[in-house]
Amino acid sequence: MKEIIRAAVAILIICGVLFYVNNQLDKSSGRSGSDTISVYNWGEYIDPELVERFEEETGITVVYETFDSNEAMMTKIEQGGTSYDVAMPSEYAIEKMKENDLLIPIDHSKVPNLSNIDPYFLDLPFDPGNEYSIPYFWGTVGIAFNPKLLDGQTFESWEDLWDPSLKQEVILVDGAREVMGMGLNTLGYSLNTKDEQQLQEATDKLKTLSPNIKAIIGDEIVETMRRSEAAVALVWSGQAADIMYVNEDIDYAVPKEGSNLWFDNMIIPKTAANVEGAHKFINFMLDPEVAAQNADYVGYSTPNEQAIELMDPEVTGDERFYPTEEMRERLEVYKNLGLETLGKYNELFLEFKMDAQ
Amino acid sequence: MQNNTNRSYYLVPYFGWMMLFVIAPLVLVIYFSLFDLHGNFSFINYQNFFTSVYLKLTLSSFWYAFLITAFTLAIAYPTAYWLTKTKHKQLWLLLIIIPSWINLLLKTYAFIGIFGVKGPLNKLFESMGIGTQQILYTDFSFIFVSVYIFIPFMILPIFNSLDKMNPTLIDAARDLGSSTWTTFTKVIFPLTINGVKSGIQAVFIPSLSLFMITRLIAGNKVITLGTAIEQQFLVTRNWGMGSTIAVFLIMFMVIIMILTGQKDKGALSNEQIK
């Protein structure tokens with residue numbers, strides 16, 4: 001008995017010491033300062049230097065966390081228990097968050113840099129008047145491919161992915177809407193269809209792609225393509241830019257049948273603890289110089305007109321990543337499908353994944 | 001009497017723990033499984049589970065868990081046997097246990113590098129003239145990595161039961177004229193069956209719900225019940241369906257626990273012989 005008590009006391013003392021040391025360390029790195037904001041963003045979606053710069057300029061400490069899907073982010077915010085001050089969801093997620101009353105309206109007078117944004121990206125149907133959201137990045141879904149590993153194939157049509165020569169070469173991103181969308185686009189249907197017949201057809205079509213599929217993975221796609229381990233991948237445009245940054249052989253194409261056009265935006269969740277700081281952060285990210293540096297780092301397309309002026313024209317003139325307005329016409333923006341249809345998409349996607357060999 | 005009431009106070013932390021972390025979550029999982037997407041009470045989730053997608057999913061989970069367990073056992077039993085024969089048993093055992101202290105994800109990522117098209121294994125294949133093979137994202141790599149991760153959990157209980165076994169019994173069997181094979185099947189294996197059962201429990205049950213390895217190593221071409229639950233909670237946000245799959249998973253686990261349960265009789269006879 002004595003020994004148990006002794007052991008228990010020893011453990012308590014060790015815990016106490018560790019807690020104290022941890023506290024001291026936090027203090028010295030400024031973490032426990034009263035002025036902090038926590039930012040909840042996609043992985044690899046900001047230049048870390050800019051976070052430091054923001055901390056230096058404003059004296060606000062940034063706690064930075066990442067998510068890998070809109071759905072995971074929404075679940076966490078909806079659950080409460082978190083106090084994220086700024087998050088970067090995509091357009092259809094914003095529609096849903098608005099519906100569920102999870103957002104705080106943005107005070108435009110505190111975000112003067114909003115005037116730097118190209119009007120094309122303002123006042124979009126998912127958030128009229130930008131009451132709740134400010135554009136962060138935009139892009140497309142398309143095919144990244146390595147011509148060196150292929151004999152002269154191009155990807156003008158989604159059908160090209162079904163080419164028998166691509167056996168075990170195609171990587172898909174692990175997203176129900178992206179992959180189902182690809183199936184729907186191939187058949188000429190809308191990405192937002194709720195028609196069960198069309199969804200079933202798309203699934204059947206996708207199942208015939210099975211022999212060509214190498215893997216269905218997440219952010220690991222970038223590393224795999226960089227190391228030329230796979231020839232073809234269904235990716236978001238920024239992932240393609242990330243890959244090309246390291247591996248210059250890679251090319252990117254958006255097939256002619258159409259694809260997804262998406263917008264990621266900065267929002268302030270209802271659970272925010274430092275709304276003032278959140279506005280400062282949003283305004284900071286809209287600064288032309290900051291936005292240009294961020295776009296260079298992240299590789300996605302910036303909606304910031306003034307930033308584009310500062311960037312390398314070779315990058316911003318590249319129609320693969322900055323498609324012209326005319327090209328954007330054939331692209332489609334995701335709509336909030338509602339939980340039931342989203343569930344259907346996921347079930348069919350699961351069915352397709354189980355079929356993949 | 002006084003002593004007895006005092007003693008029952010010691011049970012308070014145990015019951016508190018059980019209530020908070022075992023009973024309450026179980027009740028919650030079952031409770032959530034009884035609601036549809038709109039928060040109405042219904043059995044729709046249970047009906048959905050019996051559609052082809054989820055049944056196929058369950059079958060394939062079981063199949064892969066079975067393969068993983070079988071291979072783990074095939075490697076772990078001889079290893080454990082050999083360990084009991086070595087001089088520095090504890091040291092060898094420690095060497096086998098140490099890798100299980102390393103984070104699971106780190107080990108998994110290491111295999112992505114090793115198995116890659118340009119990884120060391122394929123370099124070796126090429127130098128041997130076999131040529132580059134697609135190793136990552138195959139059933140083989142999935143089972144290999146899972147077996148690698150689970151092996152310590154199988155070796156430990158088997159080692160313990162082998163180590164506890166009275167060696168004179170083997171001598172006795174030999175003296176009575178049984179061959180090596182008969183000694184193994186009639187004496188050694190029955191006496192260590194409890195270790196094997198605990199090993200199977202420790203491997204089969206977690207294999208049913210593996211989900212990180214299915215994505216990183218199998219490229220999501222292997223789907224387990226774990227993946228399905230994760231999807232329902234994080235992507236579809238259909239907590240009812242997610243909970244329903246979890247309820248079935250728990251039921252499967254209970255069944256396996258019962259099937260591989262320790263029978264007191266076996267343990268007793270082991271002691272009695274000693």
# chains A, B, ... in the order shown; residues from 1 in each chain; ligands from 1
$ select_by_dssp --residues "range 133-349 of chain A" --states "alpha helix (DSSP H)" --output "PyMOL selection string"
chain A and resi 176-186+196-207+220-226+237-246+275-286+288-298+305-310+313-316+325-328+339-349
$ residues_around --residues "Tyr31 in chain B" --least-positions-apart "6" --cutoff "12 Å" --atoms "only C-alpha atoms" --output "CSV table (one decimal) with C-alpha atoms, in the first residue's frame"
chain,number,residue,atom,x,y,z
B,24,ALA,CA,-22.3,5.6,-21.6
B,25,PRO,CA,-20.6,5.6,-25.0
B,39,GLY,CA,-33.5,13.3,-36.4
B,40,ASN,CA,-36.7,11.1,-36.5
B,41,PHE,CA,-36.8,7.9,-34.6
B,42,SER,CA,-36.5,5.0,-37.1
B,43,PHE,CA,-34.9,1.7,-37.9
B,45,ASN,CA,-30.3,2.7,-40.7
B,239,TRP,CA,-24.3,10.0,-37.5
B,240,GLY,CA,-27.1,7.5,-37.4
B,241,MET,CA,-25.7,5.3,-40.2
B,242,GLY,CA,-22.2,5.7,-38.7
B,243,SER,CA,-23.4,4.6,-35.3
B,244,THR,CA,-25.3,1.7,-36.9
B,246,ALA,CA,-20.4,0.8,-35.2
B,247,VAL,CA,-23.2,-1.2,-33.4
$ residues_around --residues "Phe184 in chain B" --least-positions-apart "6" --cutoff "10 Å" --atoms "only C-alpha atoms" --output "short mmCIF file (atom, residue, chain, number, x, y, z; two decimals) with all heavy atoms, in the first residue's frame"
data_model
loop_
_atom_site.label_atom_id
_atom_site.label_comp_id
_atom_site.auth_asym_id
_atom_site.auth_seq_id
_atom_site.Cartn_x
_atom_site.Cartn_y
_atom_site.Cartn_z
N ILE B 170 7.08 -32.26 -22.26
CA ILE B 170 7.56 -32.63 -23.59
C ILE B 170 8.44 -33.88 -23.47
O ILE B 170 8.30 -34.83 -24.26
CB ILE B 170 8.34 -31.46 -24.22
CG1 ILE B 170 7.43 -30.25 -24.33
CG2 ILE B 170 8.90 -31.84 -25.57
CD1 ILE B 170 8.12 -29.00 -24.73
N ALA B 173 6.27 -36.84 -23.04
CA ALA B 173 5.66 -37.26 -24.30
C ALA B 173 6.65 -38.05 -25.13
O ALA B 173 6.33 -39.09 -25.71
CB ALA B 173 5.15 -36.04 -25.06
N SER B 178 6.01 -40.56 -28.46
CA SER B 178 5.32 -39.75 -29.48
C SER B 178 6.35 -39.04 -30.35
O SER B 178 7.41 -38.64 -29.88
CB SER B 178 4.38 -38.76 -28.82
OG SER B 178 5.07 -37.62 -28.43
N PRO B 190 -2.12 -27.71 -27.54
CA PRO B 190 -3.29 -27.60 -26.64
C PRO B 190 -2.96 -26.84 -25.37
O PRO B 190 -3.82 -26.13 -24.84
CB PRO B 190 -3.61 -29.07 -26.31
CG PRO B 190 -3.05 -29.85 -27.44
CD PRO B 190 -1.86 -29.11 -27.90
N LEU B 191 -1.74 -26.94 -24.89
CA LEU B 191 -1.40 -26.24 -23.65
C LEU B 191 -1.20 -24.74 -23.87
O LEU B 191 -1.22 -23.97 -22.93
CB LEU B 191 -0.13 -26.84 -23.04
CG LEU B 191 -0.31 -28.19 -22.36
CD1 LEU B 191 1.01 -28.72 -21.86
CD2 LEU B 191 -1.30 -28.07 -21.21
#
$ interface_residues --of "chain A" --to "chain B" --cutoff "8 Å" --atoms "only C-alpha atoms" --output "list in words"
Ser69, Glu71, Ala72, Thr75, Lys214, Ala215, Ile216, Ile217, Arg227, Glu229, Leu339, Glu340, Leu342, Gly343, Asn346, Glu347, Leu350, Glu351, Lys353, Met354, Asp355, Ala356 and Gln357 of chain A
$ residues_around --residues "Thr108 in chain B" --least-positions-apart "6" --cutoff "10 Å" --atoms "only C-alpha atoms" --output "list in words"
Ile114, Val145, Ser146, Ile149, Met212, Ile213, Leu216 and Ile217 of chain B
$ write_last_selection --atoms "C-alpha atoms" --output "compact mmCIF listing (two decimals), in the first residue's frame"
# COMPACT_ATOMS: atom_id res chain seq x y z
CA ILE B 114 10.09 1.39 -49.18
CA VAL B 145 2.17 -3.89 -43.44
CA SER B 146 -0.77 -4.94 -41.25
CA ILE B 149 2.23 -3.96 -37.23
CA MET B 212 -5.48 4.69 -42.00
CA ILE B 213 -3.49 1.84 -43.55
CA LEU B 216 -2.03 5.06 -47.19
CA ILE B 217 -0.91 1.57 -48.17
$ atom_distance --atom1 "CA of Val235 in chain A" --atom2 "CA of Asp318 in chain A"
17.4 Å
$ closest_residue --among "A:Ser133, A:Thr82, A:Asn212, A:Thr341" --to "Asp195 in chain A" --atoms "only C-alpha atoms"
A:Thr341
$ residues_around --residues "Thr69 in chain B" --least-positions-apart "6" --cutoff "8 Å" --atoms "only C-alpha atoms" --output "PyMOL selection string"
chain B and resi 147+200+203-204
$ closest_residue --among "B:Ile158, B:Ala65, B:Ile255, B:Ile143" --to "Pro206 in chain B" --atoms "only C-alpha atoms"
B:Ala65
